[in-house]
>>> print(open('my_file.txt').read())   # compact mmCIF, C-alpha atoms
# COMPACT_ATOMS: atom_id res chain seq x y z
CA MET A 172 -4.84 4.01 -36.30
CA GLY A 173 -8.60 4.33 -36.35
CA LYS A 174 -10.94 5.44 -33.62
CA ARG A 175 -12.21 1.92 -33.22
CA SER A 176 -8.67 0.58 -32.59
CA LYS A 177 -8.00 3.29 -29.98
CA TYR A 178 -11.23 2.40 -28.16
CA LEU A 179 -10.35 -1.31 -28.21
CA ILE A 180 -6.85 -0.62 -26.83
CA LEU A 181 -8.30 1.67 -24.14
CA LEU A 182 -10.92 -0.95 -23.27
CA PHE A 183 -8.23 -3.65 -23.06
CA VAL A 184 -6.06 -1.46 -20.78
CA LEU A 185 -9.01 -0.72 -18.49
CA ILE A 186 -9.92 -4.42 -18.30
CA ALA A 187 -6.26 -5.31 -17.54
CA ILE A 188 -6.07 -2.67 -14.77
CA GLY A 189 -9.35 -3.87 -13.30
CA PHE A 190 -8.12 -7.48 -13.34
CA ILE A 191 -4.84 -6.51 -11.64
CA LEU A 192 -6.69 -4.54 -8.95
CA PHE A 193 -9.02 -7.49 -8.42
CA LEU A 194 -6.04 -9.84 -7.90
CA LEU A 195 -4.34 -7.38 -5.56
CA ASN A 196 -7.55 -7.09 -3.54
CA ILE A 197 -7.82 -10.88 -3.20
CA ASN A 198 -4.20 -11.16 -2.00
CA THR A 199 -4.69 -8.27 0.43
CA ASP A 200 -7.78 -9.87 1.94
CA GLU A 201 -5.94 -13.16 2.52
CA SER A 202 -2.94 -11.49 4.16
CA ASN A 203 -5.21 -9.55 6.56
CA GLU A 204 -6.86 -12.73 7.83
CA PRO A 205 -6.44 -12.73 11.63
CA THR A 206 -4.44 -15.51 13.23
CA VAL A 207 -6.18 -17.20 16.14
CA ASN A 208 -3.91 -18.59 18.88
CA GLY A 209 -0.92 -18.43 16.50
CA ASN A 210 1.89 -19.38 18.90
CA ILE A 211 -0.22 -20.39 21.91
CA ILE A 212 1.13 -23.66 23.33
CA GLN A 213 -0.95 -23.80 26.50
CA VAL A 214 -4.11 -22.26 27.97
CA LYS A 215 -4.84 -22.52 31.71
CA ASN A 216 -7.98 -21.29 33.47
CA PHE A 217 -8.22 -20.25 37.11
CA ASP A 218 -11.03 -19.42 39.51
CA LEU A 219 -10.47 -18.30 43.11
CA ASP A 220 -12.69 -16.72 45.75
CA ALA A 221 -12.31 -15.74 49.40
CA LYS A 222 -14.34 -18.74 50.58
CA SER A 223 -12.61 -18.88 53.97
CA THR A 224 -14.11 -15.47 54.79
CA ASN A 225 -17.50 -13.79 54.40
CA LEU A 226 -16.11 -11.56 51.64
CA LYS A 227 -17.37 -11.59 48.06
CA THR A 228 -13.88 -11.12 46.64
CA MET A 229 -12.92 -13.30 43.67
CA THR A 230 -10.93 -13.56 40.49
CA GLU A 231 -11.26 -15.78 37.47
CA GLY A 232 -9.50 -15.81 34.16
CA THR A 233 -7.10 -17.41 31.73
CA ILE A 234 -3.34 -17.68 31.35
CA PHE A 235 -2.07 -17.88 27.75
CA VAL A 236 1.42 -19.34 27.23
CA GLU A 237 3.06 -18.44 23.93
CA GLY A 238 6.10 -20.11 22.37
CA GLU A 239 7.23 -23.16 20.44
CA LYS A 240 7.47 -26.73 21.75
CA GLU A 241 9.21 -26.40 25.13
CA GLN A 242 10.35 -22.80 24.78
CA ILE A 243 8.20 -20.03 26.23
CA ASP A 244 8.34 -16.56 24.66
CA HIS A 245 5.46 -14.75 26.37
CA ILE A 246 2.74 -15.20 29.00
CA LYS A 247 -0.50 -13.22 29.13
CA ILE A 248 -2.80 -13.28 32.18
CA VAL A 249 -6.35 -12.04 31.57
CA ALA A 250 -8.43 -11.85 34.76
CA HIS A 251 -11.80 -10.58 35.92
CA VAL A 252 -11.61 -9.33 39.51
CA GLU A 253 -14.38 -8.52 41.95
CA ILE A 254 -13.43 -7.05 45.31
CA ASP A 255 -15.83 -6.84 48.23
CA PRO A 256 -16.47 -3.26 49.45
CA THR A 257 -15.14 -4.19 52.93
CA ASP A 258 -12.04 -6.06 51.69
CA TRP A 259 -8.70 -4.28 52.04
CA GLY A 260 -6.71 -7.34 50.83
CA GLY A 261 -7.94 -7.31 47.24
CA VAL A 262 -6.34 -9.60 44.66
CA ALA A 263 -2.65 -10.34 44.11
CA PHE A 264 -0.70 -12.18 41.40
CA TYR A 265 2.76 -13.62 42.10
CA ILE A 266 5.11 -13.78 39.12
CA PRO A 267 7.90 -16.39 39.17
CA ASP A 268 11.61 -15.70 39.11
CA GLN A 269 13.20 -15.22 35.65
CA TRP A 270 10.10 -13.42 34.40
CA SER A 271 9.49 -9.68 34.08
CA VAL A 272 6.23 -7.78 33.85
CA SER A 273 6.25 -5.98 30.50
CA SER A 274 2.83 -4.32 30.80
CA ILE A 275 -0.31 -4.15 32.93
CA THR A 276 -3.72 -2.96 31.69
CA SER A 277 -6.53 -2.48 34.20
CA SER A 278 -10.13 -1.31 34.19
CA TYR A 279 -10.57 -1.76 37.98
CA PRO A 280 -12.64 -0.14 39.45
CA GLU A 281 -15.09 -0.01 36.54
CA HIS A 282 -18.12 2.31 36.45
CA GLN A 283 -16.42 4.90 38.65
CA SER A 284 -15.34 7.60 36.21
CA LYS A 285 -13.73 9.83 38.87
CA LEU A 286 -11.27 7.09 39.89
CA LYS A 287 -8.11 6.22 37.96
CA PRO A 288 -7.51 2.47 37.49
CA ALA A 289 -3.74 3.00 37.67
CA ASP A 290 -4.12 4.17 41.28
CA TYR A 291 -5.50 0.76 42.30
CA VAL A 292 -2.69 -1.41 40.89
CA SER A 293 0.71 -1.67 42.55
CA THR A 294 3.78 -3.71 41.71
CA TRP A 295 6.27 -5.00 44.28
CA LYS A 296 9.67 -6.55 43.57
CA ASN A 297 11.25 -9.23 45.71
CA SER A 298 14.97 -8.81 46.35
CA SER A 299 15.37 -12.10 48.24
CA ASP A 300 17.30 -14.88 46.52
CA ASP A 301 15.43 -17.50 48.55
CA SER A 302 12.00 -16.78 47.08
CA SER A 303 10.56 -18.37 43.96
CA TRP A 304 8.57 -15.16 43.33
CA ARG A 305 10.10 -12.19 41.50
CA THR A 306 7.19 -9.74 41.36
CA MET A 307 3.85 -9.27 43.09
CA ILE A 308 1.03 -7.37 41.38
CA GLU A 309 -1.73 -6.14 43.69
CA ILE A 310 -5.18 -4.95 42.64
CA GLY A 311 -7.34 -3.09 45.16
CA ARG A 312 -5.02 -3.99 48.06
CA GLU A 313 -4.64 -1.30 50.70
CA ARG A 314 -1.48 -1.45 52.79
CA ASP A 315 -3.02 0.88 55.40
CA LEU A 316 -5.57 -1.94 56.01
CA THR A 317 -8.64 0.19 55.23
CA ALA A 318 -11.08 -0.90 52.52
CA ASN A 319 -11.32 1.31 49.43
CA GLY A 320 -14.93 0.49 48.49
CA GLY A 321 -14.31 -2.48 46.20
CA GLY A 322 -15.53 -2.91 42.65
CA THR A 323 -15.00 -4.98 39.54
CA GLY A 324 -12.67 -4.83 36.56
CA ILE A 325 -10.50 -6.62 34.03
CA ILE A 326 -6.73 -6.98 34.45
CA VAL A 327 -4.33 -7.94 31.64
CA ILE A 328 -0.74 -8.75 32.66
CA ASP A 329 1.97 -9.41 30.05
CA LEU A 330 5.10 -11.31 31.07
CA SER A 331 8.38 -11.69 29.23
CA PRO A 332 11.28 -14.02 30.06
CA ASP A 333 14.54 -12.46 31.24
CA GLN A 334 16.39 -14.64 28.71
CA LYS A 335 15.28 -15.38 25.17
CA ASP A 336 13.87 -18.82 24.39
CA ILE A 337 13.56 -19.82 28.03
CA THR A 338 13.03 -23.53 28.72
CA PRO A 339 11.94 -23.88 32.35
CA SER A 340 13.67 -26.69 34.23
CA ASP A 341 11.29 -26.41 37.19
CA PRO A 342 7.49 -26.27 36.93
CA LEU A 343 6.43 -22.71 36.15
CA LYS A 344 3.65 -21.48 38.46
CA ILE A 345 1.65 -18.28 38.78
CA GLY A 346 0.50 -17.59 42.35
CA ILE A 347 -2.84 -15.91 43.03
CA GLU A 348 -4.37 -14.80 46.33
CA VAL A 349 -7.51 -12.96 47.41
CA GLY A 350 -9.18 -11.62 50.53
CA SER A 351 -8.34 -10.34 53.99
CA GLU A 352 -9.50 -10.83 57.57
CA GLU A 353 -8.64 -10.20 61.20
CA LYS A 354 -7.80 -13.29 63.27
CA ASN A 355 -6.95 -13.18 66.96
CA GLY A 356 -6.14 -9.48 66.71
CA LYS A 357 -3.88 -9.98 63.64
CA LYS A 358 -4.81 -8.67 60.22
CA VAL A 359 -4.10 -11.12 57.39
CA MET A 360 -4.17 -10.46 53.64
CA GLY A 361 -4.38 -13.21 51.06
CA THR A 362 -6.67 -15.49 53.03
CA ASP A 363 -7.24 -17.80 50.05
CA SER A 364 -4.65 -18.69 47.46
CA VAL A 365 -3.81 -21.01 44.59
CA GLU A 366 -0.78 -21.80 42.44
CA VAL A 367 -1.53 -22.32 38.74
CA PRO A 368 1.03 -24.52 36.95
CA VAL A 369 1.44 -23.15 33.44
CA PHE A 370 4.20 -25.34 32.02
>>> encode(input="my_file.txt", output="structure tokens")
Amino acid sequence: MGKRSKYLILLFVLIAIGFILFLLNINTDESNEPTVNGNIIQVKNFDLDAKSTNLKTMTEGTIFVEGEKEQIDHIKIVAHVEIDPTDWGGVAFYIPDQWSVSSITSSYPEHQSKLKPADYVSTWKNSSDDSSWRTMIEIGRERDLTANGGGTGIIVIDLSPDQKDITPSDPLKIGIEVGSEEKNGKKVMGTDSVEVPVF
């Protein structure tokens, strides 16, 4: 076999390898394409402020419901919170029965590097069978009724159903409340509230 034949074979092999790598690169690029709202079956927005008081406490955000047709697999709540410096009631989310909180991510209070966001979020479980709420998540709420200085932040709450492929028979609602005040000598938290139907 001559030198020319060896060079032609080598050239052919290099072209074939280059072509194969090119095809693999095309397939890889397509498979890495991000999916937008893949299994999202409903998106609900909410906006609530402590309008019944003089406080500048508020929350606004979006609830993403993930699943197929009438079956819900996952719920994600993404909320911006702003808590007035004099508000000890903060913001609270009420999670319905048959749902568990799988994770909470918080940046509240932002721009205060010495403070730990995890110290400003608390989770409470309801043991009563009479309540439609299973869990309450509080942000910036102080049970000793003294304000903690307020601030802003983003909260992400992930919810999972207790049973797989849950199909709610009753309307599924997320409760949200904000604010605090003293009325007739009684201190009240959650002065303004809303229920967001999500399914």
>>> closest_residue(input="my_file.txt", among="A:Pro342, A:Gly209, A:Gly350, A:Gly189", to="Val369 of chain A", atoms="all atoms listed in the file")
A:Pro342
>>> residues_around(input="my_file.txt", residues="Glu348 of chain A", least_positions_apart="3", cutoff="6 Å", atoms="all atoms listed in the file", output="PyMOL selection string")
chain A and resi 262-263+361+363-364
>>> closest_residue(input="my_file.txt", among="A:Pro368, A:Gly346, A:Pro256, A:Pro280", to="Gly320 of chain A", atoms="all atoms listed in the file")
A:Pro256
>>> atom_distance(input="my_file.txt", atom1="atom CA of Val272 of chain A", atom2="atom CA of Pro332 of chain A")
8.9 Å
>>> residues_around(input="my_file.txt", residues="Tyr279 of chain A", least_positions_apart="2", cutoff="10 Å", atoms="all atoms listed in the file", output="ChimeraX atom specification")
/A:251-254,276-277,281-283,286-292,310-311,321-326
>>> closest_residue(input="my_file.txt", among="A:Thr230, A:Ser331, A:Thr317, A:Ser278", to="Ser351 of chain A", atoms="only C-alpha atoms")
A:Thr317
>>> residues_near_point(input="my_file.txt", point="(-3.8, -26.2, 27.5)", cutoff="9 Å", atoms="only C-alpha atoms", output="list in words")
Ile211, Ile212, Gln213, Val214, Lys215, Asn216, Phe235, Val236 and Val369 of chain A
>>> closest_residue(input="my_file.txt", among="A:Leu194, A:Val349, A:Gly261, A:Leu316", to="Ser293 of chain A", atoms="all atoms listed in the file")
A:Gly261
>>> atom_distance(input="my_file.txt", atom1="atom CA of Ser273 of chain A", atom2="atom CA of Ala318 of chain A")
28.5 Å
>>> closest_residue(input="my_file.txt", among="A:Ile328, A:Met360, A:Leu182, A:Ile347", to="Val249 of chain A", atoms="all atoms listed in the file")
A:Ile328
>>> residues_around(input="my_file.txt", residues="Pro267 of chain A", least_positions_apart="4", cutoff="8 Å", atoms="all atoms listed in the file", output="ChimeraX atom specification")
/A:303-306,343-345
>>> atom_distance(input="my_file.txt", atom1="atom CA of Asp255 of chain A", atom2="atom CA of Lys227 of chain A")
5.0 Å
>>> closest_residue(input="my_file.txt", among="A:Trp259, A:Tyr265, A:Phe193, A:Trp270", to="Gln334 of chain A", atoms="all atoms listed in the file")
A:Trp270
>>> residues_around(input="my_file.txt", residues="Lys354 of chain A", least_positions_apart="5", cutoff="12 Å", atoms="all atoms listed in the file", output="PyMOL selection string")
chain A and resi 223-224+359-360+362
>>> decode(input="my_file.txt", residues="segment 285-301 of chain A", atoms="all heavy atoms", output="CSV table (one decimal), in the first residue's frame")
chain,number,residue,atom,x,y,z
A,285,LYS,N,-25.2,39.7,58.8
A,285,LYS,CA,-24.9,39.1,60.1
A,285,LYS,C,-26.1,38.2,60.6
A,285,LYS,O,-26.0,37.5,61.5
A,285,LYS,CB,-24.7,40.2,61.1
A,285,LYS,CG,-23.4,40.9,60.9
A,285,LYS,CD,-23.1,41.9,61.9
A,285,LYS,CE,-21.8,42.7,61.6
A,285,LYS,NZ,-21.5,43.7,62.6
A,286,LEU,N,-27.3,38.3,59.9
A,286,LEU,CA,-28.5,37.6,60.3
A,286,LEU,C,-28.6,36.4,59.4
A,286,LEU,O,-28.3,36.4,58.2
A,286,LEU,CB,-29.7,38.5,60.1
A,286,LEU,CG,-29.7,39.8,60.9
A,286,LEU,CD1,-30.9,40.6,60.7
A,286,LEU,CD2,-29.5,39.5,62.4
A,287,LYS,N,-29.1,35.3,60.0
A,287,LYS,CA,-29.3,34.0,59.3
A,287,LYS,C,-30.8,33.9,58.9
A,287,LYS,O,-31.6,33.9,59.8
A,287,LYS,CB,-28.9,32.8,60.1
A,287,LYS,CG,-27.5,32.8,60.5
A,287,LYS,CD,-27.2,31.5,61.3
A,287,LYS,CE,-25.7,31.5,61.7
A,287,LYS,NZ,-25.5,30.3,62.6
A,288,PRO,N,-31.1,33.8,57.6
A,288,PRO,CA,-32.5,33.7,57.1
A,288,PRO,C,-33.2,32.5,57.8
A,288,PRO,O,-34.4,32.7,58.1
A,288,PRO,CB,-32.3,33.4,55.6
A,288,PRO,CG,-31.1,34.1,55.3
A,288,PRO,CD,-30.2,33.9,56.4
A,289,ALA,N,-32.6,31.4,58.1
A,289,ALA,CA,-33.2,30.3,58.7
A,289,ALA,C,-33.8,30.6,60.1
A,289,ALA,O,-34.8,30.0,60.6
A,289,ALA,CB,-32.3,29.1,58.9
A,290,ASP,N,-33.2,31.7,60.8
A,290,ASP,CA,-33.7,32.1,62.1
A,290,ASP,C,-35.0,32.8,62.0
A,290,ASP,O,-35.6,33.1,63.1
A,290,ASP,CB,-32.6,32.9,62.8
A,290,ASP,CG,-31.4,32.1,63.2
A,290,ASP,OD1,-31.4,30.9,63.2
A,290,ASP,OD2,-30.3,32.7,63.4
A,291,TYR,N,-35.4,33.2,60.9
A,291,TYR,CA,-36.6,34.1,60.7
A,291,TYR,C,-37.8,33.3,60.1
A,291,TYR,O,-38.8,33.9,59.7
A,291,TYR,CB,-36.3,35.3,59.9
A,291,TYR,CG,-35.4,36.2,60.7
A,291,TYR,CD1,-34.0,36.1,60.6
A,291,TYR,CD2,-35.9,37.2,61.5
A,291,TYR,CE1,-33.1,36.9,61.4
A,291,TYR,CE2,-35.0,38.0,62.3
A,291,TYR,CZ,-33.7,37.9,62.2
A,291,TYR,OH,-32.8,38.7,62.9
A,292,VAL,N,-37.6,32.0,59.9
A,292,VAL,CA,-38.7,31.2,59.4
A,292,VAL,C,-39.0,30.1,60.4
A,292,VAL,O,-38.1,29.4,60.9
A,292,VAL,CB,-38.3,30.5,58.0
A,292,VAL,CG1,-39.4,29.6,57.5
A,292,VAL,CG2,-37.9,31.6,57.0
A,293,SER,N,-40.3,29.9,60.7
A,293,SER,CA,-40.6,28.8,61.6
A,293,SER,C,-41.8,28.1,61.0
A,293,SER,O,-42.6,28.6,60.3
A,293,SER,CB,-41.0,29.4,63.0
A,293,SER,OG,-42.0,30.3,62.9
A,294,THR,N,-41.9,26.8,61.3
A,294,THR,CA,-42.9,25.9,60.8
A,294,THR,C,-43.7,25.3,62.0
A,294,THR,O,-43.1,24.8,63.0
A,294,THR,CB,-42.3,24.8,60.0
A,294,THR,OG1,-41.5,25.4,59.0
A,294,THR,CG2,-43.4,23.9,59.4
A,295,TRP,N,-45.0,25.4,62.0
A,295,TRP,CA,-45.9,24.9,63.0
A,295,TRP,C,-46.8,23.9,62.4
A,295,TRP,O,-47.4,24.1,61.4
A,295,TRP,CB,-46.7,26.0,63.6
A,295,TRP,CG,-45.9,27.1,64.3
A,295,TRP,CD1,-45.2,28.1,63.7
A,295,TRP,CD2,-45.6,27.2,65.7
A,295,TRP,NE1,-44.6,28.9,64.6
A,295,TRP,CE2,-44.8,28.4,65.8
A,295,TRP,CE3,-45.9,26.5,66.8
A,295,TRP,CZ2,-44.3,28.8,67.1
A,295,TRP,CZ3,-45.5,26.9,68.0
A,295,TRP,CH2,-44.6,28.0,68.2
A,296,LYS,N,-47.0,22.8,63.1
A,296,LYS,CA,-47.9,21.7,62.7
A,296,LYS,C,-49.2,21.8,63.5
A,296,LYS,O,-49.2,22.1,64.7
A,296,LYS,CB,-47.3,20.3,62.9
A,296,LYS,CG,-46.0,20.1,62.1
A,296,LYS,CD,-46.3,19.4,60.9
A,296,LYS,CE,-45.0,19.0,60.2
A,296,LYS,NZ,-45.3,18.5,58.9
A,297,ASN,N,-50.3,21.5,62.9
A,297,ASN,CA,-51.6,21.5,63.5
A,297,ASN,C,-52.0,20.0,63.8
A,297,ASN,O,-52.1,19.2,62.9
A,297,ASN,CB,-52.6,22.1,62.6
A,297,ASN,CG,-54.0,22.3,63.3
A,297,ASN,OD1,-54.2,21.9,64.4
A,297,ASN,ND2,-54.9,22.9,62.6
A,298,SER,N,-52.3,19.7,65.1
A,298,SER,CA,-52.7,18.3,65.4
A,298,SER,C,-54.2,18.1,65.5
A,298,SER,O,-54.6,17.0,65.6
A,298,SER,CB,-52.0,18.0,66.8
A,298,SER,OG,-52.5,18.9,67.8
A,299,SER,N,-54.9,19.2,65.3
A,299,SER,CA,-56.4,19.1,65.3
A,299,SER,C,-56.9,18.5,64.1
A,299,SER,O,-56.5,18.8,63.0
A,299,SER,CB,-57.0,20.5,65.5
A,299,SER,OG,-58.4,20.5,65.4
A,300,ASP,N,-57.9,17.6,64.3
A,300,ASP,CA,-58.6,16.9,63.1
A,300,ASP,C,-59.7,17.8,62.5
A,300,ASP,O,-60.2,17.6,61.5
A,300,ASP,CB,-59.2,15.6,63.6
A,300,ASP,CG,-58.2,14.6,63.9
A,300,ASP,OD1,-57.0,14.7,63.4
A,300,ASP,OD2,-58.5,13.7,64.8
A,301,ASP,N,-60.0,18.9,63.3
A,301,ASP,CA,-61.1,19.7,62.8
A,301,ASP,C,-60.7,20.8,61.8
A,301,ASP,O,-61.5,21.5,61.2
A,301,ASP,CB,-61.8,20.4,64.0
A,301,ASP,CG,-62.4,19.4,65.0
A,301,ASP,OD1,-62.8,18.3,64.5
A,301,ASP,OD2,-62.5,19.7,66.2
